[in-house]
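First up is the structure itself, then whatever we jot down about it.
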Amino acid sequence: MKEALERIKGNFRRAFKSVRFNFSKYLPFFVALLLIRLFFGTVLFSSDCAAVKEKEIKRESYFYHMICHSLNDSQYYYLLRYAGNEGNSLALFSIVETVESEGYPADDAHTDVYIRFEGEDPEEDYRAFLHRFQAALTGYSDGNRPPRLTLSPAIDGGFTEAKGLAVPICMGLSVLSFLLLTVLYTVRIHHYRFEYGVYMTFGADFKRLSENSLYEMAVIDLLAFPPSFLLSFIGASLLHGRIVFRLGSFLVLLILPLLLALASVFFPMFTLSRAYPMSHLLGEDNSRLVISPRKSFSLLNRSFKKCYERFSLFRFRKYYRKTLLVTAALVALSSAVSYAAELVSVKEEAASPQFRIDFDGEEVSYDGDFSQWLLSLDGVAYTNKLCEADAVDINSHLMFTAGQTDPLSGFSRPYGQTPYSRGTDSVIFRACDGEELSYLETYTVVGDPERLLTEENTVILGENVMNSRKIRPQPGDTVYAAIPTGKYNPDSKVGLDDVARLSGKELFRARLELYTYRYLPLKVVAVVKDFPAGSRLPVYLSEQTYKSLVFPAGEETEEETETETETEEEISYSRVSVYTDPTLSEEEILSLEKTMRGDLSGIPGVSVTNLRADADARTLRAMKIPSLCVIVSLLIFFLSLLYWLFSQVVFYRKRFEEMKILHAIGATDRDLRGLFLTGGGWVSLLAALLAAAFSALFFPLMNRAVNLVEAGNVYYPFSFPLPLFLAAILGSAVSAAASVFLSYRLFRRENAGESSEAGEFSEE
């Protein structure tokens, strides 16, 4: 053990000396690890600050801290004796609501008691409650059992949303950091292959080469840790206006980037060690990246400055191809992350239901009187009531004609000769009346939705499935809804057993072959462009059309159908989402909740759920996600700039001898400056073009990814972010030009004496 520790100590000592005396060579890795640690530190410390704010918001938004379930009268009156609402000003808690427990007979009623702790620290009050009251409550219980207690999210110390969001972000940053460090280390190896070839000639194998590199990277990373920790911690504290330090985040920031730095060495060094040492010795002139010219040309004619560097792009095309692709992709990714900040800002402003009212459908349902009462409450803006049927559950589907579906919709083609081009059973049919139309009109609607209530067999369609556009109908088009006839196709090769075990598209195709259908033509009167949709296409029908589709009467005569329709099941709205005025304060929302619960407490089968939309919106704003996206975007851009500077400086250093030879055979300082300017111009142009191509690809991909994550909650329409697109082009071009300019400045500084001597020699 002692020998192992001494060996580790000796390796760290040698690595520290190597880094110290060759710090200019390792400077790019120091800056890269500093930026990567700033990535992680900013995200981790910001999530800590946001988690604290999230807990504060939850404490404000929940009117209770704990529920004591199914208390008998003795337990209830025991708590009531010590509650604050009985006049005891020093009470630990107060009873804010009581609800009759379900599942108990009338002669043995039990009560669910909602409790709010009065102290500043609800967690500490909860522990005090257990110490003071749990034993007595157990003694008063029916079976000498402790009462069942449920903590509200206000004091439940579970995994916060802010910490949950930090996990996938850190995973994505880990992948990006590993790839970048690996590519950066590969560039270093390619430019210093001769030195590694010498080491391998004297017997250095993969283990020895890796050992030296691992300890050097560990030293560089540990040197980058203190400034990155301080900068990210101070930045997160300033961003959120509070100081929060968590040991867990500190340890993650210490360990995770270190592991990524060490892992990034493995693959490049393994590839290096597999080659013969002589191939590295011959690579002193970077031959792996250079392709010798097949044709010669006059160097000093009038086209020298223009042609030479253009030809050099071809000679060094392997090097430039890798460098341009990596840097352009990073710049485009930087712009795409900034674009994500705009999308998150849209979510912060999106409306979400604050309450949900559920009906069991047995004794009471949502009707006009209930709607009038609900909309009359102060603070209620509008509602969204739900009466829906999944097409799969009623053995139905929707058929489209040519041109009505997106080419990449993924919908199935029907069998045989039919007038329909595509069909799908990924459909949700919803009943719609005037109140529901008011809800739909909060989105972007094309057409005349009011016609749905006055014309028979009409429909309002959403365009999206999983927040991706699948259909492209226009008002006036006709789609066809399937109604099963109850008969089977005698020529079907599919049986009922096959249908029972299938799902998805296979189930849809099997049903098309097994069953026969009649199709109800539905005229499209309106299309909702930005409606958020999950895995089902939203289809809105009038109540009468909904009943004829969901509860079909069969193939009877028209008179029989009308008679049965009147006695068939009626429309029953089982759930209502309540949207409140966005200007309501937290106290007003809690007051509205108490009013709703109080008015509905005597109605059986009706329950009110606070969805905490206001608290969620405030929590989302507290996370500062748009600001974090901008910070991460800037860090990614600086990583791209760092890659340009490191790669180009090392690359041009290899070409300094080439420049000296050109100077010796007659090229002037002006000619050499022209070579740098011409090369920088070509590289900047190519970098700008590639950044434009990558950005044009990344922007819709980012929009698609965010829409997929938020499918069914928020829809983000795509609009091309021209300012970010131009910023990506300009940033990529400037980075490339800056790397060539820096290389030229180094060349001038290192060869200033030689240039003056050459001038004196020519004068003589």
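Identifiers in the structure tokens: chain A, B, ... in order shown; residue index from 1 per chain; ligand index from 1 in order shown.
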
**Message:** Just want the 9 Å neighbourhood of region 735-740 of chain A, counted on only C-alpha atoms, with same-chain residues fewer than 6 positions away dropped. Output as a ChimeraX atom specification.
**Reply:** /A:324,327,640-642,644-649,652,676-677,679-681,683-685,687-688

Leaving out Arg618 (chain A) and any residue of its chain fewer than 2 positions from it, which residues lie within 10 Å of it when counting only C-alpha atoms, given as a PDB file with C-alpha atoms, in the first residue's frame?
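Contents of the output file around14.pdb:
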```
ATOM      1  CA  LYS A  53     -36.904  28.768  -4.210  1.00  0.00           C
ATOM      2  CA  GLU A  54     -39.121  25.892  -5.366  1.00  0.00           C
ATOM      3  CA  ILE A  57     -43.080  28.492  -3.513  1.00  0.00           C
ATOM      4  CA  LYS A  58     -44.605  25.153  -2.527  1.00  0.00           C
ATOM      5  CA  GLU A 348     -43.183  30.487 -19.076  1.00  0.00           C
ATOM      6  CA  ARG A 612     -50.580  24.221  -8.783  1.00  0.00           C
ATOM      7  CA  ALA A 613     -50.150  25.831 -12.202  1.00  0.00           C
ATOM      8  CA  ASP A 614     -49.243  29.177 -10.648  1.00  0.00           C
ATOM      9  CA  ALA A 615     -46.659  27.559  -8.385  1.00  0.00           C
ATOM     10  CA  ASP A 616     -45.236  25.584 -11.299  1.00  0.00           C
ATOM     11  CA  LEU A 620     -40.086  27.545 -13.792  1.00  0.00           C
ATOM     12  CA  ARG A 621     -39.249  31.246 -13.724  1.00  0.00           C
ATOM     13  CA  ALA A 622     -37.127  30.704 -10.599  1.00  0.00           C
ATOM     14  CA  MET A 623     -34.996  28.158 -12.443  1.00  0.00           C
TER      15      MET A 623
END
```

**Request:** Kindly give the distance, in Å, that separates CA of Leu549 (chain A) and CA of Asp497 (chain A), rounded to a single decimal.
**Result:** 25.9 Å

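The interatomic distance for the pair CA of Phe40 (chain A) and CA of Ile625 (chain A) works out to 14.1 Å.
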
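Candidate residues A:Gly368, A:Pro721, A:Gly476, A:Gly241 were compared for distance to Ser46 (chain A), and the nearest is A:Gly241, using only C-alpha atoms.
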
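Using only C-alpha atoms, the smallest distance between any of A:Val99, A:Leu44, A:Leu262, A:Leu333 and Val244 (chain A) comes from A:Leu44.
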
Restrict the calculation to only C-alpha atoms, then for each residue of region 618-728 of chain A with any atom at most 8 Å from an atom of region 529-545 of chain A give the closest atom pair and their distance in Å to one decimal, rows by chain and rising residue number, as a Markdown table.
```
| residue | atom | partner | partner_atom | distance |
| --- | --- | --- | --- | --- |
| A:Ala711 | CA | A:Gly534 | CA | 5.0 |
| A:Gly712 | CA | A:Ala533 | CA | 4.1 |
| A:Asn713 | CA | A:Pro532 | CA | 5.8 |
| A:Val714 | CA | A:Pro532 | CA | 5.3 |
| A:Tyr715 | CA | A:Pro532 | CA | 4.7 |
| A:Tyr716 | CA | A:Asp530 | CA | 7.4 |
| A:Pro717 | CA | A:Asp530 | CA | 6.6 |
```

**Message:** For Phe93 (chain A), find every residue with an atom within 6 Å (counting only C-alpha atoms), except residues of its own chain fewer than 4 positions away, and show them as a VMD selection string.
**Reply:** chain A and resid 83 to 84 116 to 118

Selected residues written out, C-alpha atoms, as a compact mmCIF listing (two decimals), in the first residue's frame:
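And here is the file that came out, again_4.txt:
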```txt
# COMPACT_ATOMS: atom_id res chain seq x y z
CA ALA A 83 -55.15 23.18 17.44
CA GLY A 84 -54.48 26.87 16.97
CA ARG A 116 -50.94 23.50 8.72
CA PHE A 117 -47.97 24.02 11.01
CA GLU A 118 -47.57 27.48 12.49
```

**Prompt:** Near Asp142 (chain A), counting only C-alpha atoms, which residues have an atom at most 10 Å away, once you skip same-chain residues fewer than 6 positions from it, shown as a list in words?
**Reply:** Leu71, Asn72, Ser74 and Gln75 of chain A

**Prompt:** Any idea what's packed within 8 Å of Thr478 (chain A), counting only C-alpha atoms, ignoring anything in its chain fewer than 5 positions away? Could you give it as a list in words?
**Reply:**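 The residues that qualify are Phe400, Pro521, Leu522, Lys523 and Val524 of chain A.
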
**Fill in**
Across A:Phe699, A:Tyr104, A:Phe225, A:Trp682, the smallest distance to Phe311 (chain A), with only C-alpha atoms counted, is shown by A:Trp682

**Request:** Output as a PyMOL selection string all residues of region 295-385 of chain A that backbone DSSP marks as alpha helix (DSSP H).
**Result:** chain A and resi 304-315+317-349+368-376

**Distance criterion (only C-alpha atoms): nearest to Ala728 (chain A) out of A:Phe551, A:Phe23, A:Tyr339, A:Tyr366** =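 Of all the options, A:Tyr339 lies closest to Ala728 (chain A).
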
**Message:** Using Å and a single decimal, report how far CA of Thr580 (chain A) sits from CA of Pro353 (chain A).
**Reply:** 7.3 Å

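The smallest atom-to-atom distance between Leu600 (chain A) and any of A:Leu374, A:Thr138, A:Ser18, A:Glu342, using only C-alpha atoms, is found for A:Leu374.
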
**Item:** Contact residues around Val52 (chain A) with only C-alpha atoms at 12 Å, ignoring same-chain residues under 6 positions, as a ChimeraX atom specification
**Value:** /A:45-46,58-59,154-155,157,159-163,240-246,619,622-623
